[in-house]
Amino acid sequence: MRQCISTAKLSYRTLIFLNMKIDNAHLAAFAAVLREGTFDLAARKLNVTPSAISQRIKLLEDRLGQILIQRTTPCQATESGRTLLRYAEEVTLLESEVLAALGVDAGDATTRTRIPIVINADSLDSWFAEVLQAVANDESLTLDVRTEDQDHSVALLREGVVMAGVSAIADAIQGCRVEPLGTMRYLAVASPSYVAKYFPTGVNEQSLNFAPMLMFNKKDALQWTFLSQLTSQIIHPPINYVPSTRSFLEAACRGLAWGMMPESIVSDALHSGALVKIAAKHWLDVPLYWHRWRIGSRSLDLLTTIVHNAAKNRLRKIRR
């Protein structure tokens, strides 16, 4: 079997063909290693020994004729492993829904359905709080939330790590469908003392080159996009990286640098005067989209409805 399969990528057609021949214990061990990050933590999660986990993974890899897991820290799925991971997550999701519908105790402390999702930090710390509240009130779901920049979150969907997520990408990826949510408006803000120090004669090419700038991380392109609105010149400002929404806001309020932040997060600081807009006539509107696996799932449908309701209440409409 190894020779038959190893020459091609592990595909869904292959998995369907082997569906009845993949041992559930092996599949559960594989998924647990990737969720928990190590063989030891996966063993603890499944209440078996690490050697049992290792043996199950080896048997699964031999069965499929593919290396599925990179033995790194944390463990990562190979390209074939990413295909199998999505399959494993679908099996877990649908099995959980069936057991819940039948009222069968799965042996866990809860019958809630786990859904891994990816959300950008600004959404998570603002409008998505309404989603968390609704999920808490529903009591049928648990969320495994990952954070990633809105321009890069679809990579986790493509790899099968998450089932749904928020992204600034409007195009659907294979196996998923995409639905518009709304627009987050970002404002360029800084403290009054910072503006007095670095922009005494206004915001221009010279002052922007000298004024320290805030960035969430190296994937954060919002500030560069905003600068391209203000000038066609290449700007090289001093950069401070602060990868936390709360600390990003605090850094701006304390005069460390200027940065782009959602209007909902900075509204109180603007009202109190702790922050001011550095270019009042300019802002960035970032459209957000909900990506989800294209499978029939009551739990995913429920979460999708909750997300759309929260977005409708908290986000601006996307301009056509």
# chains A, B, ... in the order shown; residues from 1 in each chain; ligands from 1

$ residues_around --residues "Gly175 (chain A)" --least-positions-apart "5" --cutoff "10 Å" --atoms "only C-alpha atoms" --output "list in words"
Leu157, Arg158, Gly160, Arg292, Trp293, Arg294 and Ile295 of chain A

$ write_last_selection --atoms "N, CA and C atoms" --output "tab-separated table (two decimals), in the first residue's frame"
chain	number	residue	atom	x	y	z
A	157	LEU	N	-7.02	27.97	7.41
A	157	LEU	CA	-8.15	27.26	6.80
A	157	LEU	C	-7.65	26.32	5.71
A	158	ARG	N	-6.73	26.80	4.91
A	158	ARG	CA	-6.19	26.00	3.81
A	158	ARG	C	-5.47	24.76	4.34
A	160	GLY	N	-6.25	23.20	7.07
A	160	GLY	CA	-7.14	22.33	7.81
A	160	GLY	C	-7.03	22.46	9.31
A	292	ARG	N	-15.77	29.57	6.02
A	292	ARG	CA	-16.11	28.35	6.75
A	292	ARG	C	-16.06	27.15	5.82
A	293	TRP	N	-15.81	26.00	6.43
A	293	TRP	CA	-15.78	24.77	5.62
A	293	TRP	C	-17.13	24.55	4.96
A	294	ARG	N	-17.09	24.03	3.75
A	294	ARG	CA	-18.31	23.76	3.00
A	294	ARG	C	-18.80	22.34	3.31
A	295	ILE	N	-19.25	22.17	4.55
A	295	ILE	CA	-19.82	20.88	4.96
A	295	ILE	C	-21.13	21.14	5.67

$ closest_atom_pairs --of "region 133-156 of chain A" --to "region 304-314 of chain A" --cutoff "12 Å" --atoms "only C-alpha atoms" --output "CSV"
residue,atom,partner,partner_atom,distance
A:Gln133,CA,A:Ile306,CA,9.8
A:Ala134,CA,A:Ile306,CA,6.8
A:Val135,CA,A:Ile306,CA,7.8
A:Ala136,CA,A:Ile306,CA,11.3
A:Asn137,CA,A:Ile306,CA,11.1
A:Asp138,CA,A:Ile306,CA,10.0
A:Leu141,CA,A:Ile306,CA,11.5

$ write_last_selection --atoms "C-alpha atoms" --output "PDB file, in the first residue's frame"
ATOM      1  CA  GLN A 133     -21.169  36.010  24.802  1.00  0.00           C
ATOM      2  CA  ALA A 134     -23.701  34.352  22.482  1.00  0.00           C
ATOM      3  CA  VAL A 135     -21.727  31.088  22.465  1.00  0.00           C
ATOM      4  CA  ALA A 136     -21.601  31.179  26.262  1.00  0.00           C
ATOM      5  CA  ASN A 137     -25.371  31.589  26.403  1.00  0.00           C
ATOM      6  CA  ASP A 138     -26.020  28.805  23.871  1.00  0.00           C
ATOM      7  CA  LEU A 141     -20.373  24.873  21.478  1.00  0.00           C
TER       8      LEU A 141
END

$ select_by_dssp --residues "region 122-174 of chain A" --states "strand (DSSP E)" --output "list in words"
Leu141, Thr142, Leu143, Asp144, Val145, Arg146, Thr147, Ala164, Gly165, Val166 and Ser167 of chain A

$ select_by_dssp --residues "region 148-280 of chain A" --states "alpha helix (DSSP H)" --output "ChimeraX atom specification"
/A:154-158,192-198,205-210,222-230,245-253,263-272

$ residues_around --residues "region 180-197 of chain A" --least-positions-apart "5" --cutoff "8 Å" --atoms "only C-alpha atoms" --output "mmCIF file with C-alpha atoms, in the first residue's frame"
data_model
loop_
_atom_site.group_PDB
_atom_site.id
_atom_site.type_symbol
_atom_site.label_atom_id
_atom_site.label_comp_id
_atom_site.auth_asym_id
_atom_site.auth_seq_id
_atom_site.Cartn_x
_atom_site.Cartn_y
_atom_site.Cartn_z
ATOM 1 C CA ALA A 170 -12.768 38.101 -0.251
ATOM 2 C CA ALA A 252 -0.178 55.099 21.905
ATOM 3 C CA CYS A 253 -1.800 56.772 24.918
ATOM 4 C CA ARG A 254 1.586 57.024 26.641
ATOM 5 C CA GLY A 255 3.184 58.689 23.640
ATOM 6 C CA LEU A 256 5.389 55.868 22.387
ATOM 7 C CA ALA A 257 4.287 56.153 18.751
ATOM 8 C CA TRP A 258 1.353 56.620 16.402
ATOM 9 C CA GLY A 259 -0.609 53.670 15.034
ATOM 10 C CA MET A 260 -3.743 52.436 13.289
ATOM 11 C CA MET A 261 -6.498 51.151 15.587
ATOM 12 C CA PRO A 262 -10.183 50.256 15.170
ATOM 13 C CA GLU A 263 -12.505 53.159 15.913
ATOM 14 C CA GLY A 273 -8.644 63.410 24.858
ATOM 15 C CA ALA A 274 -6.065 60.720 25.680
ATOM 16 C CA LEU A 275 -5.688 60.215 21.920
ATOM 17 C CA VAL A 276 -6.218 62.406 18.860
ATOM 18 C CA LYS A 277 -6.349 61.670 15.142
ATOM 19 C CA ILE A 278 -3.131 62.595 13.401
ATOM 20 C CA ALA A 279 -4.891 62.970 10.023
ATOM 21 C CA HIS A 282 -8.008 60.016 6.425
ATOM 22 C CA TRP A 283 -8.814 56.501 7.656
ATOM 23 C CA LEU A 284 -8.739 52.892 6.488
ATOM 24 C CA ASP A 285 -11.839 50.773 5.952
ATOM 25 C CA VAL A 286 -10.977 47.056 6.044
ATOM 26 C CA PRO A 287 -13.715 44.704 4.762
ATOM 27 C CA LEU A 288 -13.974 41.465 6.724
ATOM 28 C CA TYR A 289 -15.287 38.116 5.512
ATOM 29 C CA TRP A 290 -16.390 34.910 7.211
ATOM 30 C CA HIS A 308 -23.258 37.447 11.288
ATOM 31 C CA ALA A 311 -21.033 41.736 12.763
ATOM 32 C CA LYS A 312 -24.342 43.349 11.797
ATOM 33 C CA LEU A 315 -19.356 46.578 11.973
ATOM 34 C CA ARG A 316 -19.956 49.114 9.216
ATOM 35 C CA LYS A 317 -21.528 47.910 5.970
ATOM 36 C CA ILE A 318 -19.184 46.956 3.173
#

$ atom_distance --atom1 "CA of Lys281 (chain A)" --atom2 "CA of Val166 (chain A)"
27.7 Å

$ closest_residue --among "A:Leu85, A:Ala221, A:Leu60, A:Ile239" --to "Ala168 (chain A)" --atoms "only C-alpha atoms"
A:Ala221

$ closest_residue --among "A:Leu143, A:Ser153, A:Cys176, A:Pro237" --to "Ile119 (chain A)" --atoms "only C-alpha atoms"
A:Ser153

$ closest_residue --among "A:His271, A:Lys219, A:Arg63, A:Arg86" --to "Leu34 (chain A)" --atoms "only C-alpha atoms"
A:Arg86

$ closest_residue --among "A:Pro238, A:Pro74, A:Gly296, A:Gly81" --to "Ile57 (chain A)" --atoms "only C-alpha atoms"
A:Gly81

$ atom_distance --atom1 "CA of Thr147 (chain A)" --atom2 "CA of Gly165 (chain A)"
9.5 Å

$ residues_around --residues "Ser140 (chain A)" --least-positions-apart "3" --cutoff "10 Å" --atoms "only C-alpha atoms" --output "PyMOL selection string"
chain A and resi 97+100+110-114+135-137+299+302

$ closest_residue --among "A:Asn240, A:Gln233, A:Ser96, A:Gln66" --to "Thr83 (chain A)" --atoms "only C-alpha atoms"
A:Gln66

$ closest_residue --among "A:Leu230, A:Ala280, A:Leu59, A:Ile69" --to "His26 (chain A)" --atoms "only C-alpha atoms"
A:Leu59

$ atom_distance --atom1 "CA of Leu214 (chain A)" --atom2 "CA of Ala251 (chain A)"
8.3 Å

$ residues_around --residues "Tyr241 (chain A)" --least-positions-apart "2" --cutoff "10 Å" --atoms "only C-alpha atoms" --output "PyMOL selection string"
chain A and resi 213-218+220+239+243-244+248
